[in-house]
Amino acid sequence: MEIIPVMMVQNTKPRRLRGYSLIEILMVVAVLSSVAAGAVVTVSNVTQATENTKLRRDVAVINRAIRLYMVNGGTFVQADLRNPGTMLSKLKTRASTDTAKQLAGVKHSMADERLNYEMQSTEESRSQVERARFIPDPGNPRFVIEKGGVAGIRRFFLDSSLSGTDYGTEDRAVNMKLAKTDPWVWDYNDTPNTRKSPGNPPPVVATTPSSNQETPANIPLNPPAFSLPSGADKRKNYPKTLTLLPTNPSGTAAISYSINGSPFIPYAGPINVAANSTVTAISVTLDPDKYDDSTTSSSVYTATAIDAVASIGFPKTGYNYVELGGPLHPSTPGPLPAPSATGTGGLANLDEFPVPFQNSTLFRYVWTVDGTNPKTSGTAQTQPDFTNGFIPAAIPVAVTAFGSSSAVTVKGAIKSLDLSSVNSSPTVSQALTAVALALRPPLATIDGRDVTLAPDVSGRDTPANVRIYYTTDGTDPGVDAAGNPIRGNVWTGVPFTLEGTTGSTQQIIARAYAPLAYPQFFTAAAPSTTMITLPPRTDVYVGGIFVNSTGNTMRNIAKLNNSGYVDTRFDTGTGASVDSLVGVVRQVGGGVMAGGDFGAINGVARAGAVLLTPAGAVDTSFNAELTGN
């Protein structure tokens with residue numbers, strides 16, 4: 001800029017001085033502030049425009065260097081196109097010595113060794129600031145200018161730290177090369193340099209224009225138009241059908257496109273666009289002598305996350321112990337009933353989910369049976385995997401979920417595993433109550449004076465650990481407010497013997513009560529009454545050489561009841577010493593006297609004679625040391 005000196009001339013003519021009002025001063029300040037603000041905006045815009053212009057010119061220069069490199073025998077493989085840096089390093093190589101001898105074109109590097117670039121920041125990439133994006137097409141690698149989209153290169157610059165870096169040499173192949181073995185000037189290799197899409201122009205033989213003639217500049221093509229504008233839509237409206245529309249004269253361009261940064265491919269018809277896709281298109285010149293490839297144009301198609309709506313349902317709201325799979329009494333005859341308390345967890349707005357997004361990697365149905373929030377609880381259960389179609393969740397409820405309570409609350413929800421696709425649903429719930437079963441009266445079996453009680457399992461609904469209480473004085477065991485007995489003896493599973501005068505009558509009353517673990521599922525049975533006239537005592541003891549009597553382990557000595565079965569209340573443990581014979585067994589008062597050739601009974605030394613208690617233990621108050629031959 002030429003600086004023109006200006007002569008300042010002092011005005012010697014006297015002038016009248018006057019003051020300014022406050023209003024005039026404020027008006028001047030306001031005008032100056034507006035001018036200053038406008039100046040800041042203008043400077044900022046000018047600065048950005050300058051940077052944009054420089055970036056476009058740098059891209060044009062580098063793209064010409066790429067084409068010059070390819071025209072002069074350079075080739076790119078995929079490893080050279082990993083990123084802009086690897087491609088620029090390729091441009092900075094030199095032709096090898098052997099190649100340089102035959103290469104008629106440029107033998108040195110196509111780019112300054114100091115050439116480097118700077119990427120946009122995250123904040124810059126979100127703006128509409130122009131950026132250069134590298135297209136890694138082996139047939140036509142290039143940089144394009146874009147506004148918006150993915151982050152790109154904000155500027156190219158010369159990096160002094162790279163000065164003097166040697167990027168090496170390479171062999172370059174061209175169709176026309178100086179003769180090496182042929183007497184003619186050229187060795188000609190008739191191999192066409194085919195063009196790939198989006199195309200790089202075929203090599204052009206350079207001509208030298210006359211000094212008064214200028215080579216006209218190529219006309220840049222217009223990028224294709226999109227039938228669908230960028231924007232967000234509901235997930236169920238995807239995939240969308242996109243048509244790329246030509247915007248250039250017929251025969252001048254072909255259209256290529258890329259989805260989500262993939263390699264460009266020729267456009268052959270409408271495209272199915274999935275949710276959250278970025279489509280980038282370019283017009284590729286068919287006449288590189290007149291037209292240049294267009295800049296790329298992109299549209300982004302996003303999907304709003306679907307608000308999931310969960311549902312929950314059970315065939316009924318009340319279930320009994322058997323339906324909930326409670327364990328039954330061991331003597332229950334088969335087949336045992338199967339649990340049937342199973343609900344269904346569903347997706348109420350399934351029609352809003354495209355089939356490809358009905359996938360357990362995006363969301364799952366979760367539930368709890370303890371009343372906690374299924375989306376955050378550590379006790380939550382999850383439906384199995386599914387894909388390409390939602391499968392309703394089966395929600396089984398076991399008797400253990402109730403504990404001692406008479407009701408449980410089952411909660412369910414759709415839990416998102418990909419918040420960009422699905423929003424978790426609100427929680428839904430279903431209350432289930434315990435339905436009580438009435439226990440049946442217990443059964444009584446009389447054997448002489450021995451009484452055996454057992455639960456009635458014929459209905460296949462008697463729980464394990466059912467309790468039986470009885471009395472022998474004719475009184476009812478009763479039931480309190482909690483369902484427990486008021487009086488009586490608990491049945492232990494071992495027969496009990498009635499005491500009393502022979503010929504007298506006794507009344508046995510028994511009831512079945514709920515197990516302590518699940519009292520809410522049962523009501524006590526009605527009383528069962530059994531009348532018995534006491535017979536004479538008929539205890540029978542046997543001795544010999546045996547280890548088992550009627551299915552019960554008894555060694556040498558056993559007590560039998562009136563039916564001939566072993567009375568397990570009389571137990572001599574390991575019995576007589578090995579291979580011993582107990583030949584004499586006789587009841588004496590409340591005990592039993594036995595004799596034989598043994599040396600010990602149940603590990604207690606007794607030679608030939610022993611007195612046993614009514615329970616079968618050795619009576620230590622009696623010790624007769626007998627020896628016999």
# chains A, B, ... in the order shown; residues from 1 in each chain; ligands from 1
$ select_by_dssp --residues "segment 38-85 of chain A" --states "alpha helix (DSSP H)" --output "JSON, numbers by chain"
{"A": [38, 39, 40, 41, 42, 43, 44, 45, 46, 47, 48, 49, 50, 51, 52, 53, 54, 55, 56, 57, 58, 59, 60, 61, 62, 63, 64, 65, 66, 67, 68, 69, 70, 71, 84, 85]}
$ write_last_selection --atoms "N, CA and C atoms" --output "compact mmCIF listing (two decimals), in the first residue's frame"
# COMPACT_ATOMS: atom_id res chain seq x y z
N GLY A 38 -19.75 -2.59 14.54
CA GLY A 38 -19.80 -3.04 13.15
C GLY A 38 -18.43 -3.33 12.60
N ALA A 39 -17.46 -2.53 13.06
CA ALA A 39 -16.09 -2.74 12.59
C ALA A 39 -15.57 -4.07 13.07
N VAL A 40 -15.90 -4.46 14.34
CA VAL A 40 -15.44 -5.74 14.87
C VAL A 40 -16.00 -6.89 14.06
N VAL A 41 -17.32 -6.83 13.78
CA VAL A 41 -17.95 -7.89 13.00
C VAL A 41 -17.36 -7.96 11.61
N THR A 42 -17.18 -6.77 11.02
CA THR A 42 -16.63 -6.74 9.66
C THR A 42 -15.23 -7.33 9.63
N VAL A 43 -14.40 -6.96 10.61
CA VAL A 43 -13.04 -7.49 10.66
C VAL A 43 -13.06 -9.01 10.82
N SER A 44 -13.97 -9.49 11.69
CA SER A 44 -14.06 -10.93 11.90
C SER A 44 -14.46 -11.65 10.63
N ASN A 45 -15.46 -11.08 9.92
CA ASN A 45 -15.91 -11.71 8.68
C ASN A 45 -14.82 -11.69 7.62
N VAL A 46 -14.13 -10.57 7.55
CA VAL A 46 -13.05 -10.45 6.56
C VAL A 46 -11.95 -11.48 6.87
N THR A 47 -11.64 -11.62 8.17
CA THR A 47 -10.60 -12.58 8.56
C THR A 47 -11.00 -14.00 8.16
N GLN A 48 -12.26 -14.38 8.45
CA GLN A 48 -12.72 -15.72 8.10
C GLN A 48 -12.73 -15.93 6.60
N ALA A 49 -13.18 -14.89 5.87
CA ALA A 49 -13.22 -14.99 4.40
C ALA A 49 -11.81 -15.17 3.85
N THR A 50 -10.86 -14.47 4.45
CA THR A 50 -9.46 -14.60 4.01
C THR A 50 -8.95 -16.01 4.25
N GLU A 51 -9.26 -16.54 5.43
CA GLU A 51 -8.83 -17.91 5.73
C GLU A 51 -9.49 -18.91 4.79
N ASN A 52 -10.78 -18.70 4.47
CA ASN A 52 -11.47 -19.59 3.54
C ASN A 52 -10.83 -19.55 2.15
N THR A 53 -10.51 -18.35 1.72
CA THR A 53 -9.89 -18.20 0.39
C THR A 53 -8.54 -18.91 0.34
N LYS A 54 -7.74 -18.72 1.39
CA LYS A 54 -6.44 -19.39 1.44
C LYS A 54 -6.60 -20.90 1.44
N LEU A 55 -7.57 -21.40 2.23
CA LEU A 55 -7.78 -22.85 2.30
C LEU A 55 -8.18 -23.40 0.94
N ARG A 56 -9.09 -22.70 0.23
CA ARG A 56 -9.50 -23.18 -1.10
C ARG A 56 -8.32 -23.21 -2.06
N ARG A 57 -7.51 -22.15 -2.02
CA ARG A 57 -6.35 -22.11 -2.93
C ARG A 57 -5.34 -23.19 -2.59
N ASP A 58 -5.12 -23.41 -1.29
CA ASP A 58 -4.19 -24.48 -0.88
C ASP A 58 -4.70 -25.84 -1.35
N VAL A 59 -6.01 -26.09 -1.20
CA VAL A 59 -6.58 -27.37 -1.65
C VAL A 59 -6.41 -27.53 -3.15
N ALA A 60 -6.66 -26.46 -3.90
CA ALA A 60 -6.51 -26.53 -5.36
C ALA A 60 -5.06 -26.86 -5.74
N VAL A 61 -4.10 -26.22 -5.06
CA VAL A 61 -2.68 -26.46 -5.36
C VAL A 61 -2.30 -27.92 -5.02
N ILE A 62 -2.74 -28.40 -3.84
CA ILE A 62 -2.39 -29.76 -3.43
C ILE A 62 -3.05 -30.79 -4.35
N ASN A 63 -4.31 -30.55 -4.75
CA ASN A 63 -4.97 -31.48 -5.66
C ASN A 63 -4.25 -31.53 -7.01
N ARG A 64 -3.76 -30.37 -7.48
CA ARG A 64 -2.98 -30.39 -8.73
C ARG A 64 -1.68 -31.16 -8.53
N ALA A 65 -1.07 -31.05 -7.35
CA ALA A 65 0.16 -31.79 -7.08
C ALA A 65 -0.11 -33.30 -7.08
N ILE A 66 -1.26 -33.68 -6.55
CA ILE A 66 -1.62 -35.11 -6.56
C ILE A 66 -1.75 -35.62 -7.98
N ARG A 67 -2.45 -34.85 -8.82
CA ARG A 67 -2.63 -35.27 -10.22
C ARG A 67 -1.30 -35.27 -10.97
N LEU A 68 -0.47 -34.28 -10.68
CA LEU A 68 0.85 -34.24 -11.33
C LEU A 68 1.66 -35.46 -10.92
N TYR A 69 1.58 -35.84 -9.65
CA TYR A 69 2.28 -37.03 -9.16
C TYR A 69 1.82 -38.28 -9.90
N MET A 70 0.49 -38.41 -10.10
CA MET A 70 -0.05 -39.61 -10.76
C MET A 70 0.27 -39.61 -12.25
N VAL A 71 0.25 -38.41 -12.86
CA VAL A 71 0.59 -38.32 -14.29
C VAL A 71 2.04 -38.71 -14.52
N PRO A 84 -4.53 -37.92 5.80
CA PRO A 84 -3.88 -36.90 4.98
C PRO A 84 -2.37 -36.90 5.14
N GLY A 85 -1.88 -37.20 6.33
CA GLY A 85 -0.43 -37.18 6.56
C GLY A 85 0.31 -38.21 5.74
$ residues_around --residues "Asp171 of chain A" --least-positions-apart "5" --cutoff "6 Å" --atoms "only C-alpha atoms" --output "number ranges by chain"
A: 95-96, 99
$ write_last_selection --atoms "N, CA and C atoms" --output "compact mmCIF listing (two decimals), in the first residue's frame"
# COMPACT_ATOMS: atom_id res chain seq x y z
N ALA A 95 11.62 -39.80 -7.21
CA ALA A 95 11.77 -40.97 -8.06
C ALA A 95 13.13 -41.62 -7.79
N SER A 96 13.15 -42.96 -7.80
CA SER A 96 14.41 -43.67 -7.58
C SER A 96 15.37 -43.41 -8.74
N THR A 99 14.35 -45.19 -11.93
CA THR A 99 13.16 -44.58 -12.52
C THR A 99 13.50 -43.23 -13.13
$ closest_residue --among "A:Asn222, A:Gln120, A:Asp287, A:Val279" --to "Thr252 of chain A" --atoms "only C-alpha atoms"
A:Asp287
$ residues_around --residues "Thr317 of chain A" --least-positions-apart "2" --cutoff "12 Å" --atoms "only C-alpha atoms" --output "VMD selection string"
chain A and resid 313 to 315 319 to 320 323 341 to 343 397 407 to 410 429 to 435
$ residues_around --residues "Pro339 of chain A" --least-positions-apart "6" --cutoff "12 Å" --atoms "only C-alpha atoms" --output "list in words"
Tyr319, Asn320, Tyr321, Val322, Glu323, Leu324, Gly325, Gly326, Pro327, Leu328, Pro396, Val397, Ala398, Val399 and Asp461 of chain A
$ write_last_selection --atoms "N, CA and C atoms" --output "tab-separated table (two decimals), in the first residue's frame"
chain	number	residue	atom	x	y	z
A	319	TYR	N	-52.69	-66.03	43.86
A	319	TYR	CA	-52.11	-67.34	43.60
A	319	TYR	C	-51.92	-68.09	44.91
A	320	ASN	N	-52.12	-69.43	44.85
A	320	ASN	CA	-51.91	-70.24	46.04
A	320	ASN	C	-50.52	-70.83	46.06
A	321	TYR	N	-50.24	-71.53	47.11
A	321	TYR	CA	-48.91	-72.10	47.36
A	321	TYR	C	-48.47	-73.04	46.24
A	322	VAL	N	-49.38	-73.87	45.76
A	322	VAL	CA	-49.03	-74.84	44.71
A	322	VAL	C	-48.75	-74.12	43.40
A	323	GLU	N	-49.56	-73.13	43.04
A	323	GLU	CA	-49.36	-72.38	41.79
A	323	GLU	C	-48.04	-71.63	41.80
A	324	LEU	N	-47.57	-71.27	42.97
A	324	LEU	CA	-46.30	-70.55	43.09
A	324	LEU	C	-45.11	-71.49	43.21
A	325	GLY	N	-45.35	-72.80	43.08
A	325	GLY	CA	-44.25	-73.76	43.08
A	325	GLY	C	-43.68	-74.05	44.44
A	326	GLY	N	-44.49	-73.92	45.49
A	326	GLY	CA	-44.01	-74.23	46.83
A	326	GLY	C	-43.67	-75.71	46.98
A	327	PRO	N	-42.62	-76.06	47.75
A	327	PRO	CA	-42.25	-77.48	47.92
A	327	PRO	C	-43.35	-78.24	48.66
A	328	LEU	N	-43.68	-79.46	48.17
A	328	LEU	CA	-44.74	-80.27	48.73
A	328	LEU	C	-44.18	-81.33	49.67
A	396	PRO	N	-41.80	-65.24	35.89
A	396	PRO	CA	-42.27	-66.19	36.89
A	396	PRO	C	-42.16	-65.60	38.29
A	397	VAL	N	-43.14	-65.93	39.13
A	397	VAL	CA	-43.11	-65.48	40.52
A	397	VAL	C	-43.15	-66.73	41.40
A	398	ALA	N	-42.15	-66.90	42.25
A	398	ALA	CA	-42.05	-68.07	43.12
A	398	ALA	C	-42.60	-67.73	44.50
A	399	VAL	N	-42.91	-68.79	45.25
A	399	VAL	CA	-43.45	-68.59	46.60
A	399	VAL	C	-42.45	-67.85	47.49
A	461	ASP	N	-51.46	-81.03	47.50
A	461	ASP	CA	-51.27	-79.63	47.84
A	461	ASP	C	-50.82	-79.44	49.28
$ closest_atom_pairs --of "segment 296-413 of chain A" --to "segment 129-148 of chain A" --cutoff "10 Å" --atoms "only C-alpha atoms" --output "tab-separated table"
residue	atom	partner	partner_atom	distance
A:Thr296	CA	A:Glu146	CA	6.5
A:Ser297	CA	A:Glu146	CA	7.1
A:Ser298	CA	A:Glu146	CA	8.3
A:Ser299	CA	A:Gly148	CA	9.6
$ atom_distance --atom1 "atom CA of Asn272 of chain A" --atom2 "atom CA of Pro223 of chain A"
20.0 Å
